[in-house]
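Just below is one structure, and these are the notes that go with it.
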Amino acid sequence: MEAVVVRNITKTYGKEKTVAVDNVSFSVGKGEIFGLIGPDGAGKTSIFRVLTTLLLADSGTASVDGFDVVKDFKSIRNTVGYMPGKFSLYKDLTIEENLNFFATVFGTTVEANYDLIKDIYVQIEPFKKRRAGKLSGGMKQKLALCCALIHKPTTLFLDEPTTGVDPVSRKEFWEMLKRLKEQNITIIVSTPYMDEASLCDRIALIQGGKILSIDTPANIVKAYPEKLYAIKANEMYPLLKSLKDYPGTLNSYAFGEYAHATFKDQMRNLEDFERYLSDKQLTGIDIKRIEATIEDSFINLLN
Amino acid sequence: MRTLKFLLRKEFRQIFRDKSIVALIFFMPCIQLIVMPLAADYEVRNVNLAVVDHDKSPYSQKLISKVIASGYFKLQGYNASFKEALSLIESDQADLILEIPQGFERNLIREDKQKLFVAVNAINGTKANLGGSYLNSIIGAFNADIRMQLIQQPRFSQFPVIDIVPSNWFNPVLNYKIYIVPGILAILVTMVGGFLSALNIVKEKEIGTIEQINVTPIKKHIFILGKLIPFWVLAFIIFTIGLILARVFYGIAPIGSLFVLYLFIAVYLLTVLGFGLLVSTFCDTQQQAMFIMFFFMMVFILLGGLFTSIDSMPEWAKLVTRLNPVRYMIEVMRMVILKGSGLRDVLPHLAAVAIMAVVLNGWAILNYKKTN
């Protein structure tokens, strides 16, 4: 069964009709972790706001658990959990008070659904008398997740939950999501971090309000059309410039300490290319064939 | 109902955790009611007077000491020439010049007639006006005294004279404080209620908590009620503190029934809070809300009849005051506290304020959108 269905959603803002979401369609299965991957301003938050009934789309339809986002918005508000990108709990209330408040607002109690949040809550429980505004970034995220889960939602919308959170907390956070998936909760998560994409069941790469590709992370990587090379030299900037100037280069970009590049005709003659680089006075040259990552796929789709 | 209870608990917690707000809520009435009425006084005292006495006779001396002894004037200069006295006005040291011509005493006795010259610095209109008329009446009294001394009164007055003796009701000694304190109390309750409620929903918008609230199944009217009731209660507390202060410091106890007073306040606060919430639903930032409230508060207060009488306003302004809740509040405060009006007397005011309360709160609920 499809938990979330989005059909041809378009949303524009303001008089200039700035397009935020451009004819987007996708569907998410029950109990799936679905990632919306894209840079800032790609339209991720707008999609979330449409699905959580906070925003009316200009055209198109969407449903969550079979409820239409326009007609049955009241039912949706009872069944979904939403964690906005910006921390939006009451900073002047304590952890405990925030949790109790949101439980009550949804007509339930903390005790009734404690098993669902237990794993996460025990980590912040020692600080339950502390005000939410005084928590660290990672603890804030955990609290926000608890509050979004407290009414046992069927679908969870997490808008950039790990932005501004340290790597350890990010890892922990994704482990928590995996555990929630086991409870058959559908999770839609957005992130600008490509390394988190591989942790989703399926992802949609999104840019400028358009979906570039939807598939499992493995398939997206597999669909990478060219052979990809990682090239290293002691002089990074001249290397990038040389790669750009090389007539056989299809695409090249910096990627950490390496530069990634693809070449025309799958690069039959690697020696020629090595010679070209040494002629450019580059030292410590290292060329290796690598597998594409999600980020490479994304960059490829952008071009 | 359970949701509302929790909403209220949350709001009260938030209010009482904000130390500056709590301080403001309890200090503001104290400062405004204890200090302000002492300073904001209509009675013009300490009018600075410069005297130019060309006569230097016992009569002119008598006149001058009578003027000074009235207590309204402070002698700033006893000058030899008008020019000299004028320089005092120019340097803002004097407000009035009284010039007594040469031969004042002689002419007054021999020719039964004398003219005095009074020059008034009209930059401060109220002070000049009142100072001028005080001086006039003192001179008039002085004149009457002299006539009594000089003219042997016949048994019956030859001219029929209508003697007017005014009697002031509800405020017999025209104590300015009795008049201003209920008004300040009305403004106080309005300001606290209006501003706090206007800033509240906007604050949730600003820090983003409204996003989280909007995806919950909370009903709009419950949410608005949850915002309304805490400030309603707070304003009641402030009003009660104000009444106690008025009793302790000024001895002003309501002559009318407290029930009528509180009934009216209850409805009136709904109006003010509804207005604040409406502004709140329109604005996106606290700054916007603050400025809009400030604008309306100024209009409400200046057209509310606290400082200037509504009866003396132009027709169009009188019409505007009919839509001004503060006007009804100030009127009712004075009616009930000073005059002892009953429920029947304030019924028209109550109806007007009730209609406004329904309209403003209804509008606020409609205008608060969970989806945009």
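Within each chain, counting starts at residue 1; across the structure tokens, chains are named A, B, ... in the order shown, with ligands numbered 1 upward in that order.
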(Q) List as an MDAnalysis selection string the protein and nucleic acid residues near Ser280 of chain B, meaning an atom at most 9 Å away when only C-alpha atoms are counted, but skip any in the same chain fewer than 4 places from it. (A) chainID B and resid 197:203 275:276 284:286 289 364 368
Keeping only C-alpha atoms, take the residues you just selected and write them out as a CSV table (one decimal), in the first residue's frame.
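Printed below is selection-v2.csv as written:
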chain,number,residue,atom,x,y,z
B,197,SER,CA,-1.9,39.7,23.4
B,198,ALA,CA,-0.7,41.4,20.3
B,199,LEU,CA,2.8,40.2,20.7
B,200,ASN,CA,1.9,36.7,21.8
B,201,ILE,CA,0.8,34.9,18.6
B,202,VAL,CA,3.4,36.8,16.6
B,203,LYS,CA,6.0,35.5,19.0
B,275,PHE,CA,-8.0,43.5,19.1
B,276,GLY,CA,-4.5,42.5,20.2
B,284,ASP,CA,4.6,38.3,11.0
B,285,THR,CA,7.1,39.9,13.3
B,286,GLN,CA,6.8,41.4,16.8
B,289,ALA,CA,2.7,44.1,15.8
B,364,ALA,CA,-9.3,37.1,14.9
B,368,TYR,CA,-5.9,32.9,12.1
* Test item: residues at most 10 Å from segment 228-242 of chain A, only C-alpha atoms, excluding those fewer than 5 positions along its chain, as a PyMOL selection string -> chain A and resi 247+249+251-263+266-267+276-278+280-293+296
Keeping N, CA and C atoms for every residue in the selection just given, could you write it to a file as an mmCIF file, in the first residue's frame?
data_model
loop_
_atom_site.group_PDB
_atom_site.id
_atom_site.type_symbol
_atom_site.label_atom_id
_atom_site.label_comp_id
_atom_site.auth_asym_id
_atom_site.auth_seq_id
_atom_site.Cartn_x
_atom_site.Cartn_y
_atom_site.Cartn_z
ATOM 1 N N PRO A 247 40.935 18.205 -23.732
ATOM 2 C CA PRO A 247 39.854 18.076 -24.739
ATOM 3 C C PRO A 247 38.966 16.855 -24.506
ATOM 4 N N THR A 249 37.835 15.687 -21.682
ATOM 5 C CA THR A 249 37.074 15.712 -20.434
ATOM 6 C C THR A 249 35.590 15.973 -20.686
ATOM 7 N N ASN A 251 33.407 15.972 -17.827
ATOM 8 C CA ASN A 251 32.953 16.660 -16.623
ATOM 9 C C ASN A 251 34.030 16.498 -15.569
ATOM 10 N N SER A 252 34.320 17.545 -14.817
ATOM 11 C CA SER A 252 35.319 17.417 -13.759
ATOM 12 C C SER A 252 34.983 18.371 -12.630
ATOM 13 N N TYR A 253 35.260 17.953 -11.407
ATOM 14 C CA TYR A 253 34.955 18.776 -10.245
ATOM 15 C C TYR A 253 35.768 18.308 -9.057
ATOM 16 N N ALA A 254 35.986 19.196 -8.112
ATOM 17 C CA ALA A 254 36.739 18.841 -6.911
ATOM 18 C C ALA A 254 35.866 17.967 -6.024
ATOM 19 N N PHE A 255 36.491 16.986 -5.376
ATOM 20 C CA PHE A 255 35.744 16.083 -4.498
ATOM 21 C C PHE A 255 36.676 15.722 -3.362
ATOM 22 N N GLY A 256 36.662 16.508 -2.283
ATOM 23 C CA GLY A 256 37.604 16.271 -1.194
ATOM 24 C C GLY A 256 39.024 16.525 -1.680
ATOM 25 N N GLU A 257 39.935 15.605 -1.353
ATOM 26 C CA GLU A 257 41.327 15.813 -1.759
ATOM 27 C C GLU A 257 41.547 15.354 -3.199
ATOM 28 N N TYR A 258 40.560 14.720 -3.783
ATOM 29 C CA TYR A 258 40.649 14.272 -5.170
ATOM 30 C C TYR A 258 39.823 15.186 -6.060
ATOM 31 N N ALA A 259 40.086 15.039 -7.370
ATOM 32 C CA ALA A 259 39.178 15.622 -8.344
ATOM 33 C C ALA A 259 38.506 14.456 -9.045
ATOM 34 N N HIS A 260 37.210 14.561 -9.265
ATOM 35 C CA HIS A 260 36.518 13.510 -10.009
ATOM 36 C C HIS A 260 36.325 13.965 -11.437
ATOM 37 N N ALA A 261 36.479 13.004 -12.380
ATOM 38 C CA ALA A 261 36.339 13.379 -13.783
ATOM 39 C C ALA A 261 35.805 12.212 -14.594
ATOM 40 N N THR A 262 35.059 12.535 -15.611
ATOM 41 C CA THR A 262 34.629 11.526 -16.588
ATOM 42 C C THR A 262 35.145 11.974 -17.953
ATOM 43 N N PHE A 263 35.337 10.997 -18.829
ATOM 44 C CA PHE A 263 35.969 11.326 -20.115
ATOM 45 C C PHE A 263 35.174 10.765 -21.265
ATOM 46 N N GLN A 266 35.034 6.725 -22.886
ATOM 47 C CA GLN A 266 35.400 5.894 -21.733
ATOM 48 C C GLN A 266 36.916 5.832 -21.516
ATOM 49 N N MET A 267 37.680 6.748 -22.111
ATOM 50 C CA MET A 267 39.113 6.878 -21.859
ATOM 51 C C MET A 267 39.884 5.588 -22.143
ATOM 52 N N TYR A 276 49.783 14.167 -20.387
ATOM 53 C CA TYR A 276 49.227 15.525 -20.495
ATOM 54 C C TYR A 276 49.325 16.254 -19.142
ATOM 55 N N LEU A 277 49.047 15.505 -18.083
ATOM 56 C CA LEU A 277 49.091 16.121 -16.756
ATOM 57 C C LEU A 277 50.527 16.455 -16.351
ATOM 58 N N SER A 278 51.486 15.528 -16.631
ATOM 59 C CA SER A 278 52.865 15.818 -16.251
ATOM 60 C C SER A 278 53.416 16.988 -17.065
ATOM 61 N N LYS A 280 51.884 19.508 -17.724
ATOM 62 C CA LYS A 280 51.374 20.730 -17.070
ATOM 63 C C LYS A 280 52.103 21.009 -15.749
ATOM 64 N N GLN A 281 53.267 20.332 -15.527
ATOM 65 C CA GLN A 281 54.079 20.506 -14.314
ATOM 66 C C GLN A 281 53.343 20.113 -13.023
ATOM 67 N N LEU A 282 52.471 19.134 -13.117
ATOM 68 C CA LEU A 282 51.814 18.655 -11.901
ATOM 69 C C LEU A 282 52.643 17.521 -11.324
ATOM 70 N N THR A 283 52.735 17.460 -9.996
ATOM 71 C CA THR A 283 53.527 16.399 -9.366
ATOM 72 C C THR A 283 52.636 15.537 -8.500
ATOM 73 N N GLY A 284 53.137 14.368 -8.150
ATOM 74 C CA GLY A 284 52.401 13.445 -7.276
ATOM 75 C C GLY A 284 51.081 13.006 -7.876
ATOM 76 N N ILE A 285 51.065 12.758 -9.176
ATOM 77 C CA ILE A 285 49.806 12.414 -9.848
ATOM 78 C C ILE A 285 49.383 10.995 -9.479
ATOM 79 N N ASP A 286 48.085 10.862 -9.175
ATOM 80 C CA ASP A 286 47.528 9.551 -8.824
ATOM 81 C C ASP A 286 46.166 9.457 -9.490
ATOM 82 N N ILE A 287 46.008 8.462 -10.344
ATOM 83 C CA ILE A 287 44.724 8.310 -11.047
ATOM 84 C C ILE A 287 44.168 6.941 -10.715
ATOM 85 N N LYS A 288 42.880 6.904 -10.303
ATOM 86 C CA LYS A 288 42.293 5.584 -10.101
ATOM 87 C C LYS A 288 40.834 5.587 -10.541
ATOM 88 N N ARG A 289 40.411 4.405 -10.933
ATOM 89 C CA ARG A 289 39.036 4.197 -11.365
ATOM 90 C C ARG A 289 38.210 3.996 -10.096
ATOM 91 N N ILE A 290 37.078 4.680 -9.949
ATOM 92 C CA ILE A 290 36.264 4.517 -8.735
ATOM 93 C C ILE A 290 34.798 4.300 -9.095
ATOM 94 N N GLU A 291 34.047 3.850 -8.084
ATOM 95 C CA GLU A 291 32.596 3.727 -8.244
ATOM 96 C C GLU A 291 31.961 5.071 -7.915
ATOM 97 N N ALA A 292 30.919 5.383 -8.622
ATOM 98 C CA ALA A 292 30.239 6.663 -8.382
ATOM 99 C C ALA A 292 29.524 6.635 -7.029
ATOM 100 N N THR A 293 29.412 7.787 -6.407
ATOM 101 C CA THR A 293 28.595 7.918 -5.204
ATOM 102 C C THR A 293 27.309 8.654 -5.584
ATOM 103 N N ASP A 296 28.078 12.011 -6.940
ATOM 104 C CA ASP A 296 28.502 12.017 -8.339
ATOM 105 C C ASP A 296 27.285 11.920 -9.253
#
request  = Enumerate the residues of segment 5-123 of chain A with a DSSP assignment of alpha helix (DSSP H), computed from the backbone, and present them as JSON, numbers by chain.
outcome  = {"A": [44, 45, 46, 47, 48, 49, 50, 51, 73, 74, 75, 76, 77, 78, 79, 95, 96, 97, 98, 99, 100, 101, 102, 103, 104, 105, 114, 115, 116, 117, 118, 119, 120, 121, 122, 123]}
Inset, instruction - Please report as a count of residues only which residues of chain A come no farther than 9 Å from chain B, using only C-alpha atoms. - result: 33
One decimal place gives the atom CA of Ser198 of chain A-atom CA of Leu177 of chain A separation as 13.4 Å
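For the choices A:Gly209, A:Arg170, A:Leu116, A:Glu196, the atom-to-atom distance to Asn8 of chain A is smallest for A:Gly209 when using only C-alpha atoms.
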Per residue of segment 117-218 of chain B within 10 Å of segment 243-266 of chain B, what are the shortest atom pair and its distance in Å to one decimal, counting only C-alpha atoms, with rows by chain and residue number, as CSV?
residue,atom,partner,partner_atom,distance
B:Phe170,CA,B:Ile255,CA,9.7
B:Lys177,CA,B:Tyr250,CA,7.5
B:Ile178,CA,B:Ile252,CA,6.7
B:Tyr179,CA,B:Ile252,CA,9.9
B:Val181,CA,B:Ala246,CA,7.1
B:Pro182,CA,B:Ala246,CA,8.2
B:Leu185,CA,B:Leu243,CA,7.9
B:Ala186,CA,B:Ile265,CA,9.1
B:Val189,CA,B:Ile265,CA,9.1
With only C-alpha atoms as the counted atoms, please give the residues lying no more than 10 Å from Ile185 of chain A, apart from itself and same-chain residues fewer than 3 positions off, as a PyMOL selection string. chain A and resi 3+30-33+80+149+152-156+177-182+188
If you keep C-alpha atoms, can you produce a file of those selected residues as a short mmCIF file (atom, residue, chain, number, x, y, z; two decimals), in the first residue's frame?
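Once written, again34.cif looks like this:
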data_model
loop_
_atom_site.label_atom_id
_atom_site.label_comp_id
_atom_site.auth_asym_id
_atom_site.auth_seq_id
_atom_site.Cartn_x
_atom_site.Cartn_y
_atom_site.Cartn_z
CA ALA A 3 1.38 5.68 2.27
CA LYS A 30 4.18 2.02 3.81
CA GLY A 31 7.08 1.63 6.19
CA GLU A 32 9.61 3.04 3.77
CA ILE A 33 12.35 5.58 4.51
CA VAL A 80 1.23 12.61 10.82
CA LEU A 149 6.35 10.74 17.62
CA LYS A 152 2.10 7.43 17.32
CA PRO A 153 1.95 8.88 13.83
CA THR A 154 1.69 6.61 10.81
CA THR A 155 3.84 8.90 8.74
CA LEU A 156 6.75 10.99 9.91
CA LEU A 177 15.09 6.20 12.15
CA LYS A 178 15.96 2.62 11.25
CA ARG A 179 14.38 1.45 14.49
CA LEU A 180 11.25 3.47 13.80
CA LYS A 181 10.99 1.89 10.37
CA GLU A 182 10.76 -1.46 12.13
CA ILE A 188 9.96 10.98 4.65
#
### Message
So the first atom is atom CA of Ile120 of chain A and the second is atom CA of Cys146 of chain A; what is the distance between them in Å, to one decimal place?
### Response
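That distance, rounded to one decimal, is 7.0 Å.
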From the list B:Gly183, B:Pro325, B:Pro166, B:Gly140, the nearest residue to Phe307 of chain B using only C-alpha atoms is B:Gly183
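As for atom CA of Thr109 of chain A and atom CA of Ile124 of chain A, they are spaced 18.2 Å apart.
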* **strand (DSSP E or B) positions in segment 52-201 of chain B, given as a ChimeraX atom specification** => /B:52-53,73-79,96-100,117-120
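Distances to Gly35 of chain A were evaluated for A:Asn184, A:Thr216, A:Thr108, A:Ser297 using only C-alpha atoms, and the minimum falls at A:Thr216.
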From the list B:Gly242, B:Gln149, B:Lys115, B:Lys127, the nearest residue to Cys30 of chain B using only C-alpha atoms is B:Gly242
Problem - Shell around Phe12 of chain B at 8 Å using only C-alpha atoms, local window under 4 positions removed, as a PyMOL selection string - result: chain B and resi 8+16+230
